[in-house]
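Student: TSV, C-alpha atoms, file data.tsv:
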chain	number	residue	atom	x	y	z
A	1067	VAL	CA	2.75	-7.19	-11.31
A	1068	LEU	CA	1.13	-10.63	-11.31
A	1069	ARG	CA	1.19	-10.77	-7.49
A	1070	GLN	CA	-0.40	-7.32	-7.27
A	1071	ALA	CA	-3.08	-8.25	-9.79
A	1072	LEU	CA	-3.93	-11.37	-7.79
A	1073	THR	CA	-4.08	-9.28	-4.63
A	1074	LEU	CA	-6.50	-6.82	-6.22
A	1075	SER	CA	-8.68	-9.65	-7.50
A	1076	TYR	CA	-8.74	-11.17	-4.01
A	1077	LEU	CA	-9.74	-7.87	-2.43
A	1078	HIS	CA	-12.58	-7.55	-4.93
A	1079	GLU	CA	-13.86	-10.87	-3.59
A	1080	GLN	CA	-13.46	-9.95	0.07
A	1081	VAL	CA	-14.43	-6.26	0.22
A	1082	PRO	CA	-15.98	-5.27	-3.13
A	1083	ASN	CA	-17.66	-2.22	-1.57
A	1084	LEU	CA	-14.21	-0.77	-0.85
A	1085	LEU	CA	-13.01	-0.98	-4.45
A	1086	THR	CA	-15.07	1.56	-6.39
A	1087	PRO	CA	-14.40	4.83	-8.25
A	1088	LYS	CA	-15.47	6.64	-5.07
A	1089	THR	CA	-12.81	4.96	-2.93
A	1090	THR	CA	-9.70	6.68	-1.61
A	1091	SER	CA	-6.95	4.10	-1.19
A	1092	CYS	CA	-3.53	4.49	0.36
A	1093	VAL	CA	-0.57	2.44	-0.87
A	1094	ILE	CA	2.35	2.43	1.56
A	1095	GLY	CA	5.50	1.36	-0.26
A	1096	ASP	CA	4.45	0.67	-3.85
A	1097	GLY	CA	6.98	-0.57	-6.41
A	1098	PHE	CA	6.98	1.17	-9.80
A	1099	ALA	CA	3.51	2.40	-8.75
A	1100	THR	CA	2.22	-1.06	-9.69
A	1101	MET	CA	-0.70	-1.26	-7.28
A	1102	THR	CA	-1.49	2.42	-7.78
A	1103	THR	CA	-1.87	2.01	-11.53
A	1104	LEU	CA	-3.89	-1.20	-11.14
A	1105	LEU	CA	-6.29	0.48	-8.72
A	1106	LEU	CA	-6.84	3.42	-11.06
A	1107	ALA	CA	-6.93	1.47	-14.33
A	1108	SER	CA	-9.57	-0.95	-12.98
A	1109	ASP	CA	-11.68	1.82	-11.39
A	1110	SER	CA	-11.02	0.19	-8.02
A	1111	ALA	CA	-10.18	3.62	-6.60
A	1112	GLY	CA	-10.90	7.18	-7.61
A	1113	GLN	CA	-7.96	8.54	-5.66
A	1114	VAL	CA	-4.74	6.99	-4.40
A	1115	ILE	CA	-2.49	8.33	-1.64
A	1116	LEU	CA	0.98	7.02	-2.49
A	1117	ILE	CA	3.68	7.01	0.21
A	1118	ASN	CA	7.24	5.87	-0.34
A	1119	LEU	CA	10.88	6.57	0.42
A	1120	THR	CA	12.01	9.61	-1.54
A	1121	LYS	CA	14.18	7.88	-4.14
A	1122	THR	CA	11.69	5.07	-4.64
A	1123	LEU	CA	8.83	7.55	-4.85
A	1124	LEU	CA	10.70	9.22	-7.72
A	1125	VAL	CA	10.61	5.89	-9.58
A	1126	ASP	CA	6.89	5.51	-8.79
A	1127	LEU	CA	6.17	8.95	-10.21
A	1128	TRP	CA	8.36	8.35	-13.26
A	1129	TYR	CA	6.35	5.23	-14.07
A	1130	LEU	CA	3.04	7.01	-13.44
A	1131	LYS	CA	4.10	9.68	-15.93
A	1132	LEU	CA	4.87	7.02	-18.55
A	1133	TRP	CA	1.53	5.33	-17.93
A	1134	MET	CA	-0.64	8.45	-17.80
A	1135	GLY	CA	1.19	10.58	-20.31
A	1136	ALA	CA	2.83	13.86	-19.40
A	1137	GLU	CA	-0.25	16.07	-19.79
A	1138	VAL	CA	-2.55	13.92	-17.66
A	1139	PHE	CA	0.23	13.36	-15.13
A	1140	GLU	CA	0.67	17.11	-14.63
A	1141	SER	CA	-3.04	17.58	-13.94
A	1142	SER	CA	-3.66	14.39	-11.97
A	1143	VAL	CA	-0.67	13.92	-9.66
A	1144	ASP	CA	0.26	16.16	-6.74
A	1145	LEU	CA	3.42	15.83	-4.66
A	1146	VAL	CA	2.60	17.29	-1.25
A	1147	THR	CA	5.13	18.31	1.38
A	1148	ASP	CA	3.07	20.05	4.06
A	1149	GLU	CA	-0.49	20.47	5.30
A	1150	ALA	CA	-1.15	23.46	3.03
A	1151	SER	CA	-0.21	21.62	-0.17
A	1152	LEU	CA	-2.14	18.55	1.01
A	1153	SER	CA	-5.28	20.62	1.62
A	1154	LYS	CA	-4.95	22.11	-1.86
A	1155	ALA	CA	-4.58	18.66	-3.44
A	1156	LEU	CA	-7.56	17.25	-1.52
A	1157	ALA	CA	-9.65	20.24	-2.60
A	1158	LYS	CA	-8.80	19.45	-6.24
A	1159	SER	CA	-9.92	15.86	-5.80
A	1160	ARG	CA	-13.36	16.98	-4.69
A	1161	THR	CA	-13.99	18.61	-8.07
A	1162	ASN	CA	-15.18	16.73	-11.12
A	1163	ASP	CA	-11.95	16.97	-13.11
A	1164	ALA	CA	-9.04	14.53	-13.01
A	1165	SER	CA	-6.89	16.61	-10.68
A	1166	GLY	CA	-5.83	15.01	-7.45
A	1167	ARG	CA	-6.25	11.38	-8.49
A	1168	VAL	CA	-2.82	10.61	-7.03
A	1169	ILE	CA	-1.40	12.39	-4.02
A	1170	ALA	CA	2.26	11.51	-3.43
A	1171	ILE	CA	3.86	11.83	0.00
A	1172	GLN	CA	7.49	11.24	0.91
A	1173	ALA	CA	7.97	8.81	3.79
A	1174	THR	CA	9.66	11.55	5.81
A	1175	SER	CA	6.29	13.36	5.82
A	1176	HIS	CA	4.15	10.28	6.46
A	1177	GLU	CA	2.21	12.06	9.23
A	1178	LEU	CA	0.33	13.96	6.50
A	1179	LEU	CA	-1.54	10.73	5.91
A	1180	ARG	CA	-3.54	11.41	9.07
A	1181	ASN	CA	-5.38	14.21	7.27
A	1182	CYS	CA	-6.39	12.06	4.29
A	1183	PRO	CA	-9.86	10.50	3.87
A	1184	VAL	CA	-8.60	6.95	3.37
A	1185	ASP	CA	-11.05	4.04	3.03
A	1186	LEU	CA	-8.59	1.25	2.23
A	1187	ALA	CA	-4.87	1.11	3.03
A	1188	LEU	CA	-2.45	-1.44	1.59
A	1189	ASN	CA	1.07	-2.50	2.45
A	1190	ILE	CA	2.65	-5.33	0.50
A	1191	ALA	CA	6.15	-6.59	1.33
A	1192	SER	CA	7.53	-3.33	2.66
A	1193	MET	CA	6.71	-3.24	6.37
A	1194	GLN	CA	8.92	-6.33	6.60
A	1195	GLU	CA	11.78	-4.00	5.62
A	1196	MET	CA	11.02	-1.44	8.35
A	1197	ASN	CA	12.29	-1.27	11.90
A	1198	PRO	CA	9.42	-1.81	14.39
A	1199	PRO	CA	9.21	1.89	15.44
A	1200	VAL	CA	8.68	2.90	11.80
A	1201	THR	CA	5.97	0.29	11.34
A	1202	ALA	CA	4.33	1.50	14.56
A	1203	ALA	CA	4.36	5.09	13.26
A	1204	TYR	CA	2.42	4.05	10.16
A	1205	PHE	CA	-0.06	2.16	12.33
A	1206	ASP	CA	-0.50	5.33	14.40
A	1207	ASP	CA	-1.26	7.26	11.21
A	1208	LEU	CA	-3.86	4.72	10.11
A	1209	ARG	CA	-5.47	4.56	13.54
A	1210	ALA	CA	-5.71	8.36	13.59
A	1211	ILE	CA	-7.78	8.08	10.40
A	1212	ALA	CA	-9.80	5.20	11.84
A	1213	SER	CA	-10.75	7.36	14.83
A	1214	ARG	CA	-12.79	9.51	12.42
A	1215	ARG	CA	-13.99	7.10	9.73
A	1216	ASP	CA	-14.13	3.42	8.77
A	1217	LEU	CA	-10.74	2.17	7.61
A	1218	THR	CA	-9.76	-1.26	6.32
A	1219	PHE	CA	-6.11	-2.33	6.09
A	1220	TYR	CA	-4.59	-5.04	3.90
A	1221	CYS	CA	-1.14	-6.08	5.12
A	1222	CYS	CA	0.99	-8.73	3.37
A	1223	ASN	CA	4.47	-9.28	4.81
A	1224	ARG	CA	6.94	-11.89	6.02
A	1225	ASP	CA	6.04	-13.65	9.27
A	1226	GLU	CA	9.55	-12.88	10.50
A	1227	LYS	CA	12.58	-11.21	8.99
A	1228	ILE	CA	15.98	-10.26	10.36
A	1229	LEU	CA	16.88	-6.81	9.06
A	1230	PRO	CA	20.43	-5.83	8.01
A	1231	ASP	CA	21.10	-4.24	11.41
A	1232	GLY	CA	20.09	-7.45	13.19
A	1233	THR	CA	16.62	-6.24	14.25
A	1234	LEU	CA	13.89	-8.88	14.11
A	1235	SER	CA	10.69	-7.77	12.39
A	1236	LYS	CA	7.68	-9.96	13.31
A	1237	PHE	CA	4.26	-9.72	11.70
A	1238	SER	CA	2.57	-10.91	14.88
A	1239	GLU	CA	4.14	-8.03	16.82
A	1240	TYR	CA	2.88	-5.25	14.57
A	1241	PRO	CA	0.61	-2.97	16.65
A	1242	TRP	CA	-2.58	-4.94	16.11
A	1243	ARG	CA	-5.36	-4.55	18.65
A	1244	ALA	CA	-7.71	-7.09	20.15
A	1245	ASN	CA	-10.77	-5.17	18.97
A	1246	ASP	CA	-9.63	-5.03	15.32
A	1247	GLN	CA	-12.10	-6.88	13.13
A	1248	VAL	CA	-10.05	-9.52	11.32
A	1249	ILE	CA	-11.57	-10.49	7.96
A	1250	VAL	CA	-8.68	-12.64	6.70
A	1251	ASP	CA	-5.53	-13.92	8.43
A	1252	GLU	CA	-3.56	-16.65	6.67
A	1253	LEU	CA	-0.44	-17.39	4.65
A	1254	CYS	CA	-0.83	-15.62	1.31
A	1255	PRO	CA	-1.43	-18.37	-1.30
A	1256	TRP	CA	0.21	-16.51	-4.21
A	1257	HIS	CA	3.08	-14.96	-2.29
A	1258	GLN	CA	5.13	-17.92	-1.07
A	1259	GLN	CA	7.26	-18.37	-4.20
A	1260	TYR	CA	8.75	-16.29	-6.98
A	1261	TYR	CA	9.66	-17.44	-10.46
A	1262	THR	CA	12.67	-17.03	-12.75
A	1263	ILE	CA	13.38	-17.88	-16.39
A	1264	ARG	CA	15.84	-20.63	-15.42
A	1265	PRO	CA	15.15	-24.05	-13.86
A	1266	PRO	CA	13.75	-24.92	-11.41
A	1267	PHE	CA	11.71	-21.79	-12.26
A	1268	PHE	CA	9.88	-21.52	-8.92
A	1269	HIS	CA	11.74	-20.61	-5.73
A	1270	SER	CA	10.56	-20.20	-2.16
A	1271	TYR	CA	11.10	-16.95	-0.32
A	1272	ASP	CA	13.32	-17.03	2.77
A	1273	GLY	CA	10.28	-17.38	5.00
A	1274	PRO	CA	6.48	-17.65	4.90
A	1275	ILE	CA	4.52	-14.53	3.95
A	1276	ARG	CA	1.24	-13.77	5.71
A	1277	HIS	CA	-1.59	-11.52	4.69
A	1278	ARG	CA	-4.18	-9.99	6.97
A	1279	LEU	CA	-7.25	-7.96	6.06
A	1280	VAL	CA	-8.56	-6.05	9.04
A	1281	ALA	CA	-11.06	-3.32	9.81
A	1282	PHE	CA	-9.59	-1.02	12.44
Could the structure of this file be written out as structure tokens, please?

Tutor:
Amino acid sequence: VLRQALTLSYLHEQVPNLLTPKTTSCVIGDGFATMTTLLLASDSAGQVILINLTKTLLVDLWYLKLWMGAEVFESSVDLVTDEASLSKALAKSRTNDASGRVIAIQATSHELLRNCPVDLALNIASMQEMNPPVTAAYFDDLRAIASRRDLTFYCCNRDEKILPDGTLSKFSEYPWRANDQVIVDELCPWHQQYYTIRPPFFHSYDGPIRHRLVAF
């Protein structure tokens, strides 16, 4: 939670115009809906598109229900599975009530993202867990959106990671393009160590973690 809060604060410094109640953000791979709830609670987004693996998405939604309360959750969160249900959820979000503040999509239906009016997309420490073709598919989704509207992407992941099947995931080999407008590209200052309740308290991750903020 602390890392996500620092990330949100940093984004407010870098792109404050993209963190308003009128913003539609997309969080790819949230954990316990942490970034989703921070975006909504701080009025840094009016609507969040939340995409995750099915079992993990269930945990995200469970936490959202605890945070919102059951009644608000029922009126404000839509789980969409096809283009028809997505269109219905987006139509709700254009009204003045709370409906449609969170649109949840299972990773198996990630292509639905292409039809969403996303202004800011975020991925924090989950693309490093994906095989390169899966990462490329998400980039294709985001670039499909960027072909119609301005889209900024915040990506924070390990420089390199060997996945359980032996595949090497490299941040530098994500499908970036030469004409992407890079706003920030550096090692993430608050994401190089994690802490525990036992000495020595602070521990380094297995490799450096980089963050990049880019306008597609």

Student: Using all atoms listed in the file, which protein or nucleic acid residues come within 12 Å of A:Ser1175? Drop anything in the same chain fewer than 2 positions from it, and give the result as an NGL selection string.

Tutor: :A and (1116-1120 or 1145-1149 or 1152 or 1170-1173 or 1177-1181 or 1203-1204 or 1207)

Student: List as number ranges by chain the protein and nucleic acid residues near stretch 1227-1243 of chain A, meaning an atom at most 9 Å away when all atoms listed in the file are counted, but skip any in the same chain fewer than 6 places from it.

Tutor: A: 1193-1198, 1201-1202, 1205-1206, 1272-1273, 1276, 1282

Student: Take the residues from that selection and put them in a file with C-alpha atoms, as a short mmCIF file (atom, residue, chain, number, x, y, z; two decimals), in the coordinates of the input.

Tutor:
data_model
loop_
_atom_site.label_atom_id
_atom_site.label_comp_id
_atom_site.auth_asym_id
_atom_site.auth_seq_id
_atom_site.Cartn_x
_atom_site.Cartn_y
_atom_site.Cartn_z
CA MET A 1193 6.71 -3.24 6.37
CA GLN A 1194 8.92 -6.33 6.60
CA GLU A 1195 11.78 -4.00 5.62
CA MET A 1196 11.02 -1.44 8.35
CA ASN A 1197 12.29 -1.27 11.90
CA PRO A 1198 9.42 -1.81 14.39
CA THR A 1201 5.97 0.29 11.34
CA ALA A 1202 4.33 1.50 14.56
CA PHE A 1205 -0.06 2.16 12.33
CA ASP A 1206 -0.50 5.33 14.40
CA ASP A 1272 13.32 -17.03 2.77
CA GLY A 1273 10.28 -17.38 5.00
CA ARG A 1276 1.24 -13.77 5.71
CA PHE A 1282 -9.59 -1.02 12.44
#

Student: Work out how far atom CA of A:Glu1226 is from atom CA of A:Val1200, in Å to one decimal.

Tutor: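 Atom CA of A:Glu1226 lies 15.9 Å from atom CA of A:Val1200.
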
Student: Using only C-alpha atoms, which of A:Leu1130, A:Leu1123, A:Gly1097, A:Val1250 sits nearest A:Thr1174?

Tutor: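 Going through A:Leu1130, A:Leu1123, A:Gly1097, A:Val1250 one by one, the smallest distance to A:Thr1174 is for A:Leu1123.
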
Student: If we count all atoms listed in the file and set the cut-off at 9 Å, which residues sit around stretch 1155-1159 of chain A, ignoring sequence neighbours fewer than 5 positions away in its own chain? Please answer as a ChimeraX atom specification.

Tutor: /A:1112-1113,1142-1146,1150,1164-1169,1182-1183

Student: Contacts of A:Trp1256 at 10 Å or less, counting all atoms listed in the file, minus same-chain residues fewer than 2 places along, as a ChimeraX atom specification?

Tutor: /A:1068-1070,1072-1073,1253-1254,1258-1260,1275
